[in-house]
>>> print(open('upload_25.tsv').read())   # TSV, C-alpha atoms
chain	number	residue	atom	x	y	z
U	1	MET	CA	10.56	-15.60	25.49
U	2	LYS	CA	8.45	-12.50	26.28
U	3	LYS	CA	11.06	-10.29	24.61
U	4	ILE	CA	11.02	-12.46	21.50
U	5	ILE	CA	7.23	-12.25	21.31
U	6	PHE	CA	7.32	-8.50	21.90
U	7	PHE	CA	9.88	-7.81	19.17
U	8	THR	CA	8.14	-10.19	16.77
U	9	LEU	CA	4.85	-8.37	17.24
U	10	LEU	CA	6.61	-5.02	16.96
U	11	PHE	CA	8.19	-6.13	13.69
U	12	ILE	CA	4.84	-7.31	12.30
U	13	PHE	CA	3.03	-4.10	13.23
U	14	THR	CA	5.88	-2.00	11.81
U	15	LEU	CA	5.75	-3.98	8.57
U	16	LEU	CA	1.99	-3.54	8.33
U	17	ALA	CA	2.34	0.20	8.91
U	18	ILE	CA	4.92	0.39	6.13
U	19	TYR	CA	2.78	-1.59	3.69
U	20	GLN	CA	-0.25	0.58	4.43
U	21	SER	CA	1.65	3.81	3.87
U	22	PRO	CA	1.23	5.67	0.54
U	23	ASN	CA	4.54	4.25	-0.73
U	24	GLY	CA	4.25	0.84	0.87
U	25	TYR	CA	4.27	-0.86	-2.51
U	26	LEU	CA	7.94	0.14	-2.90
U	27	PHE	CA	8.96	-2.30	-0.18
U	28	TRP	CA	9.81	-5.90	-0.92
U	29	GLY	CA	7.08	-8.36	-0.06
U	30	TYR	CA	4.18	-5.93	-0.49
U	31	HIS	CA	2.31	-8.23	-2.88
U	32	ARG	CA	3.93	-11.45	-1.73
U	33	PHE	CA	3.03	-11.31	1.95
U	34	PHE	CA	0.29	-8.75	2.52
U	35	TYR	CA	-1.71	-7.64	-0.53
U	36	THR	CA	-1.71	-11.06	-2.15
U	37	ASN	CA	-3.84	-12.47	-4.96
U	38	THR	CA	-5.49	-14.80	-2.46
U	39	ALA	CA	-6.48	-11.85	-0.26
U	40	TYR	CA	-7.77	-9.99	-3.32
U	41	LYS	CA	-9.92	-12.98	-4.27
U	42	THR	CA	-11.29	-13.07	-0.72
U	43	LEU	CA	-12.20	-9.39	-0.99
U	44	THR	CA	-13.96	-9.73	-4.35
U	45	ASP	CA	-15.81	-12.83	-3.13
U	46	SER	CA	-17.08	-10.87	-0.12
U	47	ILE	CA	-18.28	-8.13	-2.51
U	48	GLN	CA	-20.26	-10.69	-4.49
U	49	SER	CA	-21.87	-11.99	-1.32
U	50	PHE	CA	-22.75	-8.45	-0.25
U	51	GLN	CA	-24.28	-7.84	-3.68
U	52	LYS	CA	-26.58	-10.81	-3.37
U	53	GLU	CA	-27.65	-9.83	0.15
U	54	THR	CA	-28.32	-6.25	-0.94
U	55	GLN	CA	-30.30	-7.35	-3.98
U	56	TYR	CA	-32.48	-9.57	-1.80
U	57	LYS	CA	-33.20	-6.67	0.59
U	58	PHE	CA	-33.75	-4.26	-2.30
U	59	LEU	CA	-36.37	-6.42	-4.01
U	60	LYS	CA	-38.41	-6.71	-0.81
U	61	ALA	CA	-38.09	-3.06	0.26
U	62	ASN	CA	-40.51	-0.19	-0.22
U	63	LYS	CA	-39.56	2.98	-2.11
U	64	ASN	CA	-38.07	4.82	0.88
U	65	GLU	CA	-36.21	1.74	2.09
U	66	LYS	CA	-34.72	1.24	-1.38
U	67	VAL	CA	-33.23	4.73	-1.33
U	68	GLN	CA	-31.54	4.04	2.00
U	69	ILE	CA	-30.38	0.56	0.95
U	70	LEU	CA	-28.79	1.99	-2.17
U	71	ALA	CA	-27.09	4.80	-0.22
U	72	ASP	CA	-25.70	2.34	2.36
U	73	ALA	CA	-24.49	0.03	-0.39
U	74	GLN	CA	-22.74	2.92	-2.14
U	75	GLN	CA	-20.77	3.78	1.00
U	76	LYS	CA	-19.82	0.13	1.48
U	77	ILE	CA	-18.69	-0.29	-2.12
U	78	ILE	CA	-16.55	2.84	-2.00
U	79	GLN	CA	-14.81	1.48	1.08
U	80	ASN	CA	-14.27	-1.80	-0.77
U	81	ILE	CA	-12.77	0.06	-3.74
U	82	LEU	CA	-10.39	1.94	-1.45
U	83	GLU	CA	-9.23	-1.41	-0.11
U	84	MET	CA	-8.86	-2.74	-3.67
U	85	PHE	CA	-6.56	0.17	-4.51
U	86	ASN	CA	-4.10	-1.13	-1.91
U	87	PHE	CA	-3.73	-4.35	-3.89
U	88	TRP	CA	-3.12	-2.54	-7.17
U	89	TYR	CA	-0.54	-0.02	-5.95
U	90	GLY	CA	2.82	-0.74	-7.53
U	91	THR	CA	1.40	-2.66	-10.50
U	92	ASP	CA	3.43	-1.62	-13.53
U	93	TRP	CA	1.98	0.74	-16.15
U	94	ASP	CA	2.03	0.08	-19.88
U	95	MET	CA	0.05	1.78	-22.62
U	96	ASN	CA	-1.26	-1.62	-23.73
U	97	GLY	CA	-1.39	-3.19	-20.28
U	98	THR	CA	-4.50	-5.26	-19.54
U	99	SER	CA	-3.54	-7.15	-16.37
U	100	GLN	CA	-6.39	-8.49	-14.28
U	101	ILE	CA	-4.17	-9.54	-11.39
U	102	PRO	CA	-2.88	-6.90	-8.93
U	103	GLY	CA	0.88	-6.79	-8.70
U	104	GLU	CA	1.37	-8.89	-11.83
U	105	GLY	CA	1.82	-7.87	-15.44
U	106	LYS	CA	1.10	-4.31	-16.55
U	107	ILE	CA	-2.00	-2.16	-16.74
U	108	ALA	CA	-3.00	0.95	-18.69
U	109	CYS	CA	-4.89	3.78	-17.03
U	110	GLY	CA	-8.25	2.95	-18.63
U	111	TYR	CA	-8.00	-0.73	-17.82
U	112	PHE	CA	-7.09	0.12	-14.24
U	113	VAL	CA	-10.34	2.08	-13.86
U	114	THR	CA	-12.58	-0.48	-15.53
U	115	THR	CA	-10.96	-3.46	-13.83
U	116	ILE	CA	-11.51	-1.87	-10.42
U	117	LEU	CA	-15.16	-1.15	-11.26
U	118	ARG	CA	-15.76	-4.65	-12.58
U	119	ASP	CA	-14.11	-6.31	-9.57
U	120	ALA	CA	-16.16	-4.07	-7.27
U	121	GLY	CA	-19.25	-5.66	-8.81
U	122	PHE	CA	-20.42	-3.14	-11.40
U	123	GLN	CA	-22.13	-4.42	-14.51
U	124	ILE	CA	-19.84	-2.96	-17.17
U	125	ASN	CA	-17.93	-4.02	-20.27
U	126	ARG	CA	-14.36	-3.81	-18.95
U	127	ILE	CA	-12.61	-3.91	-22.33
U	128	LYS	CA	-15.01	-1.69	-24.25
U	129	LEU	CA	-15.05	1.06	-21.62
U	130	ALA	CA	-11.28	0.94	-21.18
U	131	GLN	CA	-10.85	1.66	-24.87
U	132	TYR	CA	-13.28	4.57	-24.86
U	133	ALA	CA	-12.15	8.16	-24.58
U	134	SER	CA	-12.38	8.89	-20.86
U	135	GLU	CA	-15.19	11.42	-21.38
U	136	LYS	CA	-17.35	8.88	-23.18
U	137	MET	CA	-16.71	6.35	-20.41
U	138	ILE	CA	-17.73	8.79	-17.68
U	139	VAL	CA	-20.83	10.02	-19.50
U	140	GLU	CA	-22.00	6.44	-19.97
U	141	LEU	CA	-21.53	5.57	-16.30
U	142	ILE	CA	-22.41	8.74	-14.38
U	143	HIS	CA	-25.60	10.85	-14.38
U	144	LYS	CA	-25.05	14.22	-16.04
U	145	LYS	CA	-26.07	16.11	-12.89
U	146	ASN	CA	-22.97	14.70	-11.17
U	147	ILE	CA	-20.54	15.52	-13.97
U	148	LYS	CA	-18.46	18.69	-14.25
U	149	ARG	CA	-16.25	19.75	-17.16
U	150	PHE	CA	-13.34	22.17	-17.04
U	151	GLN	CA	-11.37	23.70	-19.90
U	152	GLN	CA	-8.19	25.64	-19.17
U	153	VAL	CA	-9.19	26.11	-15.51
U	154	GLU	CA	-6.58	26.27	-12.75
U	155	LEU	CA	-6.30	23.00	-10.85
U	156	ASN	CA	-6.84	24.58	-7.43
U	157	LYS	CA	-10.18	26.02	-8.61
U	158	ILE	CA	-11.24	22.63	-9.94
U	159	LEU	CA	-10.38	20.91	-6.68
U	160	LEU	CA	-12.42	23.48	-4.78
U	161	GLU	CA	-15.40	22.60	-6.98
U	162	VAL	CA	-14.91	18.92	-6.21
U	163	GLN	CA	-14.82	19.66	-2.50
U	164	LYS	CA	-18.17	21.45	-2.89
U	165	MET	CA	-19.58	18.27	-4.46
U	166	GLY	CA	-18.72	16.49	-1.23
U	167	ASN	CA	-16.98	13.37	0.02
U	168	GLY	CA	-16.96	10.47	-2.37
U	169	LEU	CA	-15.16	8.75	-5.19
U	170	TYR	CA	-14.96	10.36	-8.60
U	171	LEU	CA	-13.98	9.20	-12.08
U	172	VAL	CA	-11.59	11.61	-13.78
U	173	GLY	CA	-11.01	12.05	-17.50
U	174	LEU	CA	-8.07	14.07	-18.80
U	175	ASP	CA	-6.69	14.89	-22.26
U	176	THR	CA	-5.10	11.46	-22.62
U	177	HIS	CA	-5.49	9.89	-19.18
U	178	THR	CA	-7.99	8.67	-16.60
U	179	GLY	CA	-8.13	7.66	-12.95
U	180	PHE	CA	-9.98	8.07	-9.66
U	181	LEU	CA	-10.25	11.14	-7.47
U	182	LEU	CA	-11.01	10.55	-3.79
U	183	CYS	CA	-12.47	13.32	-1.63
U	184	GLN	CA	-12.35	12.62	2.10
U	185	ASN	CA	-12.82	15.38	4.66
U	186	GLN	CA	-11.76	18.02	2.13
U	187	GLU	CA	-8.58	16.09	1.26
U	188	LEU	CA	-8.22	15.10	-2.40
U	189	THR	CA	-6.18	12.17	-3.64
U	190	PHE	CA	-5.61	11.06	-7.23
U	191	ILE	CA	-5.32	7.29	-7.81
U	192	HIS	CA	-4.20	6.18	-11.26
U	193	SER	CA	-1.90	4.04	-13.36
U	194	THR	CA	0.69	6.56	-14.51
U	195	ARG	CA	3.20	6.60	-17.34
U	196	SER	CA	5.33	9.07	-15.38
U	197	PRO	CA	7.88	7.76	-12.84
U	198	PRO	CA	7.43	5.47	-10.98
U	199	ARG	CA	5.34	4.19	-13.97
U	200	CYS	CA	2.84	2.17	-11.97
U	201	VAL	CA	-0.42	2.46	-10.04
U	202	ILE	CA	0.00	5.14	-7.39
U	203	GLN	CA	-1.87	7.51	-5.12
U	204	GLU	CA	-0.79	11.11	-4.80
U	205	VAL	CA	-2.01	14.40	-3.42
U	206	ALA	CA	-4.27	15.73	-6.18
U	207	ALA	CA	-2.92	19.27	-5.95
U	208	ASN	CA	0.59	17.96	-6.64
U	209	SER	CA	-0.30	15.66	-9.53
U	210	GLU	CA	1.48	16.53	-12.78
U	211	SER	CA	-1.11	14.51	-14.69
U	212	LEU	CA	-3.90	16.73	-13.37
U	213	GLN	CA	-1.91	19.92	-13.71
U	214	ASN	CA	-0.80	19.29	-17.31
U	215	SER	CA	-4.19	18.37	-18.73
U	216	ALA	CA	-6.01	21.28	-20.38
U	217	TYR	CA	-9.37	19.49	-20.26
U	218	LYS	CA	-10.84	17.69	-17.29
U	219	ILE	CA	-14.14	15.89	-16.81
U	220	ILE	CA	-15.04	14.69	-13.33
U	221	GLY	CA	-17.99	12.47	-12.44
U	222	LYS	CA	-19.03	11.42	-8.95
U	223	ILE	CA	-20.02	7.79	-8.40
U	224	ASP	CA	-23.78	8.01	-8.00
U	225	GLU	CA	-27.11	6.19	-8.18
U	226	LYS	CA	-26.78	5.63	-11.95
U	227	LEU	CA	-23.59	3.65	-11.48
U	228	MET	CA	-24.97	1.93	-8.39
U	229	GLN	CA	-27.89	0.76	-10.52
U	230	LYS	CA	-25.37	-1.08	-12.67
U	231	TRP	CA	-24.08	-2.64	-9.49
U	232	LEU	CA	-27.57	-3.88	-8.65
U	233	GLU	CA	-28.06	-5.14	-12.19
U	234	LYS	CA	-25.05	-7.39	-11.85
U	235	ALA	CA	-26.45	-8.77	-8.61
U	236	GLN	CA	-29.50	-9.87	-10.59
U	237	LYS	CA	-27.42	-11.93	-13.04
>>> encode(input="upload_25.tsv", output="structure tokens")
Amino acid sequence: MKKIIFFTLLFIFTLLAIYQSPNGYLFWGYHRFFYTNTAYKTLTDSIQSFQKETQYKFLKANKNEKVQILADAQQKIIQNILEMFNFWYGTDWDMNGTSQIPGEGKIACGYFVTTILRDAGFQINRIKLAQYASEKMIVELIHKKNIKRFQQVELNKILLEVQKMGNGLYLVGLDTHTGFLLCQNQELTFIHSTRSPPRCVIQEVAANSESLQNSAYKIIGKIDEKLMQKWLEKAQK
């Protein structure tokens, strides 16, 4: 009996490790058993509860406390978004894809970005922003002080500039594409719904991304207090 329990637990932990790997979505059962729609709903519900709690604290706080509350909330929301990515990995890409359910249907790059932001609690127009040119979307959401533009600049130089901007989550606009850029401890990862094989939502090392390398123009905006204000606005609804 002990051996059965041991090997069962070993199998479960191995399966979890596989599903949580960068290419875990390639394995059967990824969305059926682990990153399910029910689990996604639980995550988004917890975000809504956190929003309400934060709004309550924010309204009663003084100026200095509000700054700290907003900073803490930003860190929490970024962590929530990183968890949301796990649910969306492997969701098929299509130029006209508008899926709102991870792992089902198809989703275009713009809709992937705006759906993630909406489900993370930001007060945005998901459809309108998804149909914008990526630059217009980023300018509307991010304060100009946290936006950088690059024209015909080598990718490695751009990534060095992002590293100087610090850890965080960034919105990326390319010639004809958009996605998220994650900077953690100087490591940069690009998360996007790609038309290139495997034609789905993926994460990849930013330096190796053909989408980033092939785009002549790049605009990068770091999630900041302007976007967090939209998050607070939704909590007030």
>>> residues_around(input="upload_25.tsv", residues="stretch 143-157 of chain U", least_positions_apart="4", cutoff="6 Å", atoms="all atoms listed in the file", output="NGL selection string")
:U and (216-222 or 226)
>>> write_last_selection(input="upload_25.tsv", atoms="C-alpha atoms", output="short mmCIF file (atom, residue, chain, number, x, y, z; two decimals), keeping the file's coordinate frame")
data_model
loop_
_atom_site.label_atom_id
_atom_site.label_comp_id
_atom_site.auth_asym_id
_atom_site.auth_seq_id
_atom_site.Cartn_x
_atom_site.Cartn_y
_atom_site.Cartn_z
CA ALA U 216 -6.01 21.28 -20.38
CA TYR U 217 -9.37 19.49 -20.26
CA LYS U 218 -10.84 17.69 -17.29
CA ILE U 219 -14.14 15.89 -16.81
CA ILE U 220 -15.04 14.69 -13.33
CA GLY U 221 -17.99 12.47 -12.44
CA LYS U 222 -19.03 11.42 -8.95
CA LYS U 226 -26.78 5.63 -11.95
#
>>> atom_distance(input="upload_25.tsv", atom1="atom CA of U:Ile124", atom2="atom CA of U:Ser211")
25.7 Å
>>> closest_residue(input="upload_25.tsv", among="U:Ile81, U:Cys183, U:Val113, U:Ala108", to="U:Leu159", atoms="all atoms listed in the file")
U:Cys183
>>> residues_around(input="upload_25.tsv", residues="U:Thr42", least_positions_apart="3", cutoff="12 Å", atoms="all atoms listed in the file", output="list in words")
Tyr35, Thr36, Asn37, Thr38, Ala39, Asp45, Ser46, Ile47, Gln48, Ser49, Asn80, Glu83, Met84, Phe87 and Asp119 of chain U
>>> write_last_selection(input="upload_25.tsv", atoms="C-alpha atoms", output="tab-separated table (two decimals), in the coordinates of the input")
chain	number	residue	atom	x	y	z
U	35	TYR	CA	-1.71	-7.64	-0.53
U	36	THR	CA	-1.71	-11.06	-2.15
U	37	ASN	CA	-3.84	-12.47	-4.96
U	38	THR	CA	-5.49	-14.80	-2.46
U	39	ALA	CA	-6.48	-11.85	-0.26
U	45	ASP	CA	-15.81	-12.83	-3.13
U	46	SER	CA	-17.08	-10.87	-0.12
U	47	ILE	CA	-18.28	-8.13	-2.51
U	48	GLN	CA	-20.26	-10.69	-4.49
U	49	SER	CA	-21.87	-11.99	-1.32
U	80	ASN	CA	-14.27	-1.80	-0.77
U	83	GLU	CA	-9.23	-1.41	-0.11
U	84	MET	CA	-8.86	-2.74	-3.67
U	87	PHE	CA	-3.73	-4.35	-3.89
U	119	ASP	CA	-14.11	-6.31	-9.57
>>> atom_distance(input="upload_25.tsv", atom1="atom CA of U:Lys66", atom2="atom CA of U:Thr54")
9.9 Å
>>> residues_near_point(input="upload_25.tsv", point="(-12.3, -2.6, -7.7)", cutoff="12 Å", atoms="all atoms listed in the file", output="PyMOL selection string")
chain U and resi 40-41+43-45+47-48+77-88+100-102+111-122+126+169+180+231
>>> closest_residue(input="upload_25.tsv", among="U:Ala71, U:Ala133, U:Met95, U:Ala61", to="U:Ser196", atoms="only C-alpha atoms")
U:Met95
>>> atom_distance(input="upload_25.tsv", atom1="atom CA of U:Glu233", atom2="atom CA of U:Leu59")
11.7 Å
>>> closest_atom_pairs(input="upload_25.tsv", of="stretch 33-94 of chain U", to="stretch 197-208 of chain U", cutoff="7 Å", atoms="all atoms listed in the file", output="Markdown table")
| residue | atom | partner | partner_atom | distance |
| --- | --- | --- | --- | --- |
| U:Trp88 | CA | U:Val201 | CA | 6.4 |
| U:Tyr89 | CA | U:Val201 | CA | 4.8 |
| U:Gly90 | CA | U:Val201 | CA | 5.2 |
| U:Thr91 | CA | U:Cys200 | CA | 5.3 |
| U:Asp92 | CA | U:Cys200 | CA | 4.1 |
| U:Trp93 | CA | U:Cys200 | CA | 4.5 |
